[in-house]
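Only one structure is covered here, and it is reproduced in the block below.
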Amino acid sequence: MTTDTVTIIDDSTGKKVQLPLLTPTSGPKTIDISALYKELGYFTYDPGFMSTASCSSKITFLDGNKGVLQYRGYPIEQLAAQSSYLEVCYLLMNDKLPSKTELAEFESIITNHTMLHEALKRFFSGFRRDAHPMAIMVGVVGALAAFYHDHMDIRNPEHRMITAQRLVAKMPTIAAWSYRYATGKPFIYPDNNLGYTENFLHMMFAMPSEDYKASPLLAKALDLILILHADHEQNASTSTVRLASSSDANPFAAVAAGIAALWGPAHGGANEAVIRMLMEINDSGKPLQTFVDRAKDKNDDFRLMGFGHRVYKNFDPRATLIRQICHQLLNDMESTGEQKKLLETAMALEKVALEDDYFVQRKLYPNVDFYSGIIFLAMGIPMNMFTVIFAMARTIGWITQWNEMVSEPGYKIGRPRQLYTGPIDLEYIPVDKR
């Protein structure tokens, strides 16, 4: 990383400060403003941190203008086509692709740590039966610190690795059990004979009274979704994990904070919003074109959910990858009634977006949330589980970002500043004189 400088001059005082200009391996050059307050007494103002790099990282690179996403330097297209979710987990955690032996050992470690402490079963019963699975997941993940506190020395690299492996291994069990509890179904224990995604589907849908075997296409589709959601640079939930971790909070608490941030509909709930939009369109009884026209009308606040992206200004590379398996899944599976109608509306909407000049010129292409929502619907996964599965996928990203941050010597607790616009120097008036 090469360094140049940018000079900032205060016109009112004539004072100047030279700020380092950092050049990354790829992406925009970045001004290091850490001396700005010390030298000139200025803060910077950047609501939403749209122009601020909160950290340096070697994990994930994305270029929104070019539609590029890479994990540890490997294009997402190559990983999606040739890798598995657990291999991607190994890559993110270890900064390299595993050998055949290393991958087999890693898969064995994850497989053999999927069980939860038996006392955690009783923890689930503390929630109302109609609790949202995300509420359960936030609580249970945070509670892991009370059950697995033997390896929580964040200064110890071995402890950090053990904790990361535990979270990746146990998250599918927590996710599936959150669903089972909320629906009144008996818990299904992990099966070490199954792969990662097959095991999750088994815990979700199996019943003690009958056998369940996930279709290979279903497992493949879910594994792809997990890969595409494994990490995504410094988004809201990842930034939350880093900020919580900067206080030396234990990793279970930090990840629970990330889950809470992901729960927000503006972040992790977009694929659920897609399905609700499709329901609204179908329930209205109006032609699809009515809603397309409304979306084009700048005076109408109606939005087509699942189109365009805040970061990707051209196309979402994850959507390109997931579209093919989405269509394959829909062609392979039998759907009836309401589900079939929703899927037909989704495909009709996709056709409009890909062919209508209004959407094409504005590059409002279907994004990953559009297709993942449709896939979950086709799988029979309820909407309140969409974000739970997102959290399951993103756990590896959160814990890898956490590990990178606490591995850095001299990292500091996060302490953003503000532009204060309230009153000052008011005189207190006793209550009997107000």
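In the structure tokens, the first chain shown is A, the next is B, and so on; residue numbers restart at 1 for each chain, and ligands run from 1 in the order shown.
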Which residues are close to Leu91 of chain A, i.e. within 12 Å by only C-alpha atoms, leaving aside same-chain residues fewer than 3 positions away? Reply as a PDB file with N, CA, C and O atoms, in the first residue's frame.
ATOM      1  N   LYS A  58      -8.404  -7.278   4.665  1.00  0.00           N
ATOM      2  CA  LYS A  58      -7.906  -8.131   3.589  1.00  0.00           C
ATOM      3  C   LYS A  58      -8.909  -9.231   3.230  1.00  0.00           C
ATOM      4  O   LYS A  58      -8.550 -10.188   2.550  1.00  0.00           O
ATOM      5  N   ILE A  59     -10.145  -9.099   3.694  1.00  0.00           N
ATOM      6  CA  ILE A  59     -11.095 -10.207   3.582  1.00  0.00           C
ATOM      7  C   ILE A  59     -11.906 -10.152   2.296  1.00  0.00           C
ATOM      8  O   ILE A  59     -11.834 -11.051   1.462  1.00  0.00           O
ATOM      9  N   THR A  60     -12.698  -9.099   2.128  1.00  0.00           N
ATOM     10  CA  THR A  60     -13.646  -9.026   1.011  1.00  0.00           C
ATOM     11  C   THR A  60     -13.463  -7.733   0.242  1.00  0.00           C
ATOM     12  O   THR A  60     -13.328  -6.661   0.838  1.00  0.00           O
ATOM     13  N   GLN A  70     -15.271 -10.247  -4.411  1.00  0.00           N
ATOM     14  CA  GLN A  70     -14.226 -11.253  -4.235  1.00  0.00           C
ATOM     15  C   GLN A  70     -14.021 -11.541  -2.751  1.00  0.00           C
ATOM     16  O   GLN A  70     -14.037 -10.623  -1.927  1.00  0.00           O
ATOM     17  N   TYR A  71     -13.828 -12.821  -2.431  1.00  0.00           N
ATOM     18  CA  TYR A  71     -13.434 -13.233  -1.085  1.00  0.00           C
ATOM     19  C   TYR A  71     -11.956 -13.604  -1.111  1.00  0.00           C
ATOM     20  O   TYR A  71     -11.547 -14.490  -1.864  1.00  0.00           O
ATOM     21  N   ARG A  72     -11.160 -12.911  -0.300  1.00  0.00           N
ATOM     22  CA  ARG A  72      -9.720 -13.176  -0.232  1.00  0.00           C
ATOM     23  C   ARG A  72      -9.080 -13.183  -1.619  1.00  0.00           C
ATOM     24  O   ARG A  72      -8.134 -13.921  -1.883  1.00  0.00           O
ATOM     25  N   GLY A  73      -9.602 -12.353  -2.534  1.00  0.00           N
ATOM     26  CA  GLY A  73      -9.036 -12.232  -3.867  1.00  0.00           C
ATOM     27  C   GLY A  73      -9.640 -13.166  -4.898  1.00  0.00           C
ATOM     28  O   GLY A  73      -9.346 -13.046  -6.092  1.00  0.00           O
ATOM     29  N   TYR A  74     -10.505 -14.102  -4.472  1.00  0.00           N
ATOM     30  CA  TYR A  74     -11.113 -15.052  -5.415  1.00  0.00           C
ATOM     31  C   TYR A  74     -12.473 -14.529  -5.864  1.00  0.00           C
ATOM     32  O   TYR A  74     -13.341 -14.244  -5.030  1.00  0.00           O
ATOM     33  N   LEU A  79     -15.953 -19.159  -7.026  1.00  0.00           N
ATOM     34  CA  LEU A  79     -16.316 -19.856  -5.787  1.00  0.00           C
ATOM     35  C   LEU A  79     -17.712 -20.461  -5.898  1.00  0.00           C
ATOM     36  O   LEU A  79     -17.946 -21.588  -5.462  1.00  0.00           O
ATOM     37  N   SER A  83     -16.851 -24.187  -5.588  1.00  0.00           N
ATOM     38  CA  SER A  83     -16.582 -24.391  -4.164  1.00  0.00           C
ATOM     39  C   SER A  83     -17.841 -24.816  -3.417  1.00  0.00           C
ATOM     40  O   SER A  83     -18.909 -24.981  -3.997  1.00  0.00           O
ATOM     41  N   SER A  84     -17.694 -25.019  -2.123  1.00  0.00           N
ATOM     42  CA  SER A  84     -18.816 -25.294  -1.224  1.00  0.00           C
ATOM     43  C   SER A  84     -18.800 -24.239  -0.127  1.00  0.00           C
ATOM     44  O   SER A  84     -17.796 -23.537   0.071  1.00  0.00           O
ATOM     45  N   TYR A  85     -19.898 -24.142   0.605  1.00  0.00           N
ATOM     46  CA  TYR A  85     -19.950 -23.137   1.670  1.00  0.00           C
ATOM     47  C   TYR A  85     -18.867 -23.375   2.709  1.00  0.00           C
ATOM     48  O   TYR A  85     -18.193 -22.427   3.139  1.00  0.00           O
ATOM     49  N   LEU A  86     -18.651 -24.618   3.114  1.00  0.00           N
ATOM     50  CA  LEU A  86     -17.640 -24.877   4.140  1.00  0.00           C
ATOM     51  C   LEU A  86     -16.232 -24.592   3.626  1.00  0.00           C
ATOM     52  O   LEU A  86     -15.368 -24.155   4.387  1.00  0.00           O
ATOM     53  N   GLU A  87     -15.979 -24.816   2.337  1.00  0.00           N
ATOM     54  CA  GLU A  87     -14.672 -24.460   1.794  1.00  0.00           C
ATOM     55  C   GLU A  87     -14.494 -22.942   1.808  1.00  0.00           C
ATOM     56  O   GLU A  87     -13.411 -22.429   2.098  1.00  0.00           O
ATOM     57  N   VAL A  88     -15.564 -22.203   1.500  1.00  0.00           N
ATOM     58  CA  VAL A  88     -15.520 -20.750   1.569  1.00  0.00           C
ATOM     59  C   VAL A  88     -15.280 -20.296   3.008  1.00  0.00           C
ATOM     60  O   VAL A  88     -14.533 -19.341   3.254  1.00  0.00           O
ATOM     61  N   ASN A  94      -8.985 -18.635   7.108  1.00  0.00           N
ATOM     62  CA  ASN A  94      -7.555 -18.965   7.050  1.00  0.00           C
ATOM     63  C   ASN A  94      -6.786 -18.235   5.956  1.00  0.00           C
ATOM     64  O   ASN A  94      -5.572 -18.443   5.823  1.00  0.00           O
ATOM     65  N   ASP A  95      -7.462 -17.408   5.181  1.00  0.00           N
ATOM     66  CA  ASP A  95      -6.804 -16.612   4.149  1.00  0.00           C
ATOM     67  C   ASP A  95      -6.151 -17.469   3.070  1.00  0.00           C
ATOM     68  O   ASP A  95      -5.165 -17.068   2.453  1.00  0.00           O
ATOM     69  N   LYS A  96      -6.676 -18.655   2.836  1.00  0.00           N
ATOM     70  CA  LYS A  96      -6.177 -19.503   1.755  1.00  0.00           C
ATOM     71  C   LYS A  96      -7.201 -20.599   1.484  1.00  0.00           C
ATOM     72  O   LYS A  96      -8.008 -20.940   2.354  1.00  0.00           O
ATOM     73  N   LEU A  97      -7.163 -21.156   0.291  1.00  0.00           N
ATOM     74  CA  LEU A  97      -7.977 -22.322  -0.002  1.00  0.00           C
ATOM     75  C   LEU A  97      -7.333 -23.556   0.624  1.00  0.00           C
ATOM     76  O   LEU A  97      -6.108 -23.685   0.622  1.00  0.00           O
ATOM     77  N   PRO A  98      -8.145 -24.461   1.163  1.00  0.00           N
ATOM     78  CA  PRO A  98      -7.574 -25.627   1.835  1.00  0.00           C
ATOM     79  C   PRO A  98      -7.115 -26.701   0.858  1.00  0.00           C
ATOM     80  O   PRO A  98      -7.631 -26.802  -0.262  1.00  0.00           O
ATOM     81  N   SER A  99      -6.157 -27.496   1.309  1.00  0.00           N
ATOM     82  CA  SER A  99      -5.852 -28.720   0.577  1.00  0.00           C
ATOM     83  C   SER A  99      -6.985 -29.710   0.808  1.00  0.00           C
ATOM     84  O   SER A  99      -7.873 -29.481   1.640  1.00  0.00           O
ATOM     85  N   GLU A 102      -6.863 -30.718   4.424  1.00  0.00           N
ATOM     86  CA  GLU A 102      -7.284 -29.627   5.313  1.00  0.00           C
ATOM     87  C   GLU A 102      -8.793 -29.434   5.270  1.00  0.00           C
ATOM     88  O   GLU A 102      -9.429 -29.192   6.305  1.00  0.00           O
ATOM     89  N   LEU A 103      -9.374 -29.539   4.085  1.00  0.00           N
ATOM     90  CA  LEU A 103     -10.822 -29.373   3.963  1.00  0.00           C
ATOM     91  C   LEU A 103     -11.556 -30.500   4.671  1.00  0.00           C
ATOM     92  O   LEU A 103     -12.548 -30.261   5.382  1.00  0.00           O
ATOM     93  N   PHE A 106     -11.386 -29.875   8.364  1.00  0.00           N
ATOM     94  CA  PHE A 106     -12.251 -28.763   8.744  1.00  0.00           C
ATOM     95  C   PHE A 106     -13.714 -29.190   8.741  1.00  0.00           C
ATOM     96  O   PHE A 106     -14.470 -28.878   9.677  1.00  0.00           O
ATOM     97  N   ILE A 227     -23.044 -19.267   0.247  1.00  0.00           N
ATOM     98  CA  ILE A 227     -21.789 -18.748  -0.293  1.00  0.00           C
ATOM     99  C   ILE A 227     -21.929 -17.274  -0.663  1.00  0.00           C
ATOM    100  O   ILE A 227     -21.076 -16.444  -0.328  1.00  0.00           O
ATOM    101  N   ALA A 230     -21.960 -14.991   2.445  1.00  0.00           N
ATOM    102  CA  ALA A 230     -20.970 -15.252   3.498  1.00  0.00           C
ATOM    103  C   ALA A 230     -20.337 -13.979   4.039  1.00  0.00           C
ATOM    104  O   ALA A 230     -20.088 -13.856   5.246  1.00  0.00           O
ATOM    105  N   ASP A 231     -20.056 -13.018   3.179  1.00  0.00           N
ATOM    106  CA  ASP A 231     -19.490 -11.744   3.640  1.00  0.00           C
ATOM    107  C   ASP A 231     -19.783 -10.692   2.586  1.00  0.00           C
ATOM    108  O   ASP A 231     -20.009 -11.021   1.409  1.00  0.00           O
ATOM    109  N   ILE A 396     -19.977 -16.543   9.270  1.00  0.00           N
ATOM    110  CA  ILE A 396     -18.560 -16.707   8.960  1.00  0.00           C
ATOM    111  C   ILE A 396     -17.922 -15.359   8.642  1.00  0.00           C
ATOM    112  O   ILE A 396     -16.773 -15.087   9.016  1.00  0.00           O
ATOM    113  N   GLY A 397     -18.655 -14.488   7.955  1.00  0.00           N
ATOM    114  CA  GLY A 397     -18.129 -13.159   7.666  1.00  0.00           C
ATOM    115  C   GLY A 397     -17.939 -12.354   8.932  1.00  0.00           C
ATOM    116  O   GLY A 397     -16.905 -11.708   9.128  1.00  0.00           O
ATOM    117  N   THR A 400     -15.015 -13.743  11.010  1.00  0.00           N
ATOM    118  CA  THR A 400     -13.734 -13.494  10.348  1.00  0.00           C
ATOM    119  C   THR A 400     -13.338 -12.025  10.469  1.00  0.00           C
ATOM    120  O   THR A 400     -12.173 -11.700  10.728  1.00  0.00           O
TER     121      THR A 400
END
Give me the residues of segment 247-273 of chain A that have any atom at most 12 Å from an atom of segment 302-312 of chain A; for each, the nearest atom pair and the distance in Å, rounded to one decimal. Use only C-alpha atoms, sort by chain and number, and format it as CSV.
residue,atom,partner,partner_atom,distance
A:Pro265,CA,A:Met305,CA,11.5
A:Ala266,CA,A:Arg310,CA,10.7
A:His267,CA,A:Arg310,CA,10.6
A:Gly268,CA,A:Gly306,CA,12.0
A:Gly269,CA,A:Gly306,CA,10.6
A:Ala270,CA,A:Gly306,CA,6.8
A:Asn271,CA,A:Gly306,CA,6.9
A:Glu272,CA,A:Met305,CA,9.4
A:Ala273,CA,A:Met305,CA,6.4
Excluding Phe124 of chain A and any residue of its chain fewer than 6 positions from it, enumerate the residues within 8 Å of it, using only C-alpha atoms, and give them as a list in words.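 Residues meeting the cut-off are Ile136, Val140, Ser178 and Tyr181 of chain A.
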Do you know which residues are at most 12 Å from Leu194 of chain A counting only C-alpha atoms, after dropping those on the same chain fewer than 3 positions away, and could you put them as an MDAnalysis selection string? chainID A and resid 107:108 110:112 114 189:191 197:203 212:214 216 219
Could you pull out the alpha helix (DSSP H) residues of segment 255-433 of chain A from DSSP and send them as a ChimeraX atom specification? /A:255-262,270-284,288-296,317-332,337-355,357-361,368-379,386-407
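Comparing the minimum interatomic distances between Ile275 of chain A and each of A:Ala221, A:Ile188, A:Leu21, A:Ile381, counting only C-alpha atoms, we find that A:Ile381 sits nearest.
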Find the spatial neighbours of segment 4-7 of chain A, counting only C-alpha atoms, within a cut-off of 6 Å - ignore same-chain residues fewer than 3 positions away - and output them as a list of chain:residue names. A:Val17, A:Gln18, A:Leu19, A:Pro20, A:Leu21
Take the residues just selected and output them with N, CA, C and O atoms as a PDB file, in the first residue's frame.
ATOM      1  N   VAL A  17      -2.428  21.099   7.220  1.00  0.00           N
ATOM      2  CA  VAL A  17      -2.072  19.754   7.674  1.00  0.00           C
ATOM      3  C   VAL A  17      -1.965  18.851   6.446  1.00  0.00           C
ATOM      4  O   VAL A  17      -2.745  18.976   5.497  1.00  0.00           O
ATOM      5  N   GLN A  18      -0.962  18.022   6.454  1.00  0.00           N
ATOM      6  CA  GLN A  18      -0.781  17.052   5.371  1.00  0.00           C
ATOM      7  C   GLN A  18      -1.313  15.701   5.832  1.00  0.00           C
ATOM      8  O   GLN A  18      -0.865  15.168   6.849  1.00  0.00           O
ATOM      9  N   LEU A  19      -2.261  15.192   5.075  1.00  0.00           N
ATOM     10  CA  LEU A  19      -2.898  13.924   5.416  1.00  0.00           C
ATOM     11  C   LEU A  19      -2.440  12.843   4.441  1.00  0.00           C
ATOM     12  O   LEU A  19      -2.400  13.074   3.224  1.00  0.00           O
ATOM     13  N   PRO A  20      -2.086  11.657   4.965  1.00  0.00           N
ATOM     14  CA  PRO A  20      -1.645  10.567   4.081  1.00  0.00           C
ATOM     15  C   PRO A  20      -2.752  10.146   3.121  1.00  0.00           C
ATOM     16  O   PRO A  20      -3.922  10.053   3.502  1.00  0.00           O
ATOM     17  N   LEU A  21      -2.365   9.909   1.875  1.00  0.00           N
ATOM     18  CA  LEU A  21      -3.279   9.386   0.873  1.00  0.00           C
ATOM     19  C   LEU A  21      -2.908   7.924   0.651  1.00  0.00           C
ATOM     20  O   LEU A  21      -1.845   7.611   0.122  1.00  0.00           O
TER      21      LEU A  21
END
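Minimum atom-to-atom distances from A:Leu40, A:Ala253, A:Ala119, A:Val368 to Gly14 of chain A were compared using only C-alpha atoms, and the lowest value belongs to A:Leu40.
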I'd like the contact shell of segment 289-298 of chain A - 12 Å cut-off, only C-alpha atoms, skipping same-chain residues fewer than 5 positions apart - returned as a list in words.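 Contacts, with the query itself left out: Met277, Leu278, Glu280, Ile281, Asn282, Ser284, Arg303, Leu304, Met305, Phe307, Thr345, Ala348, Leu349, Glu350, Lys351, Val352, Ala353, Asp356, Asp357, Tyr358, Phe359, Arg362 and Leu364 of chain A.
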Under the rule that only C-alpha atoms are counted, which of A:Asp211, A:Asp283, A:Asp369, A:Asp432 is the nearest residue to Lys341 of chain A?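 Of A:Asp211, A:Asp283, A:Asp369, A:Asp432, the one nearest Lys341 of chain A is A:Asp283, counting only C-alpha atoms.
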Within 9 Å of Lys15 of chain A, counting only C-alpha atoms, which residues show up once you throw out same-chain ones fewer than 4 positions away? Write them as a VMD selection string, please. chain A and resid 8 to 11 39 to 40
Residues of segment 53-193 of chain A in strand (DSSP E) according to DSSP, as number ranges by chain? A: 60-63, 68-71, 74-75
As an exercise, work out the distance from atom CA of Leu342 of chain A to atom CA of Tyr179 of chain A in Å and give it to one decimal place. 22.7 Å
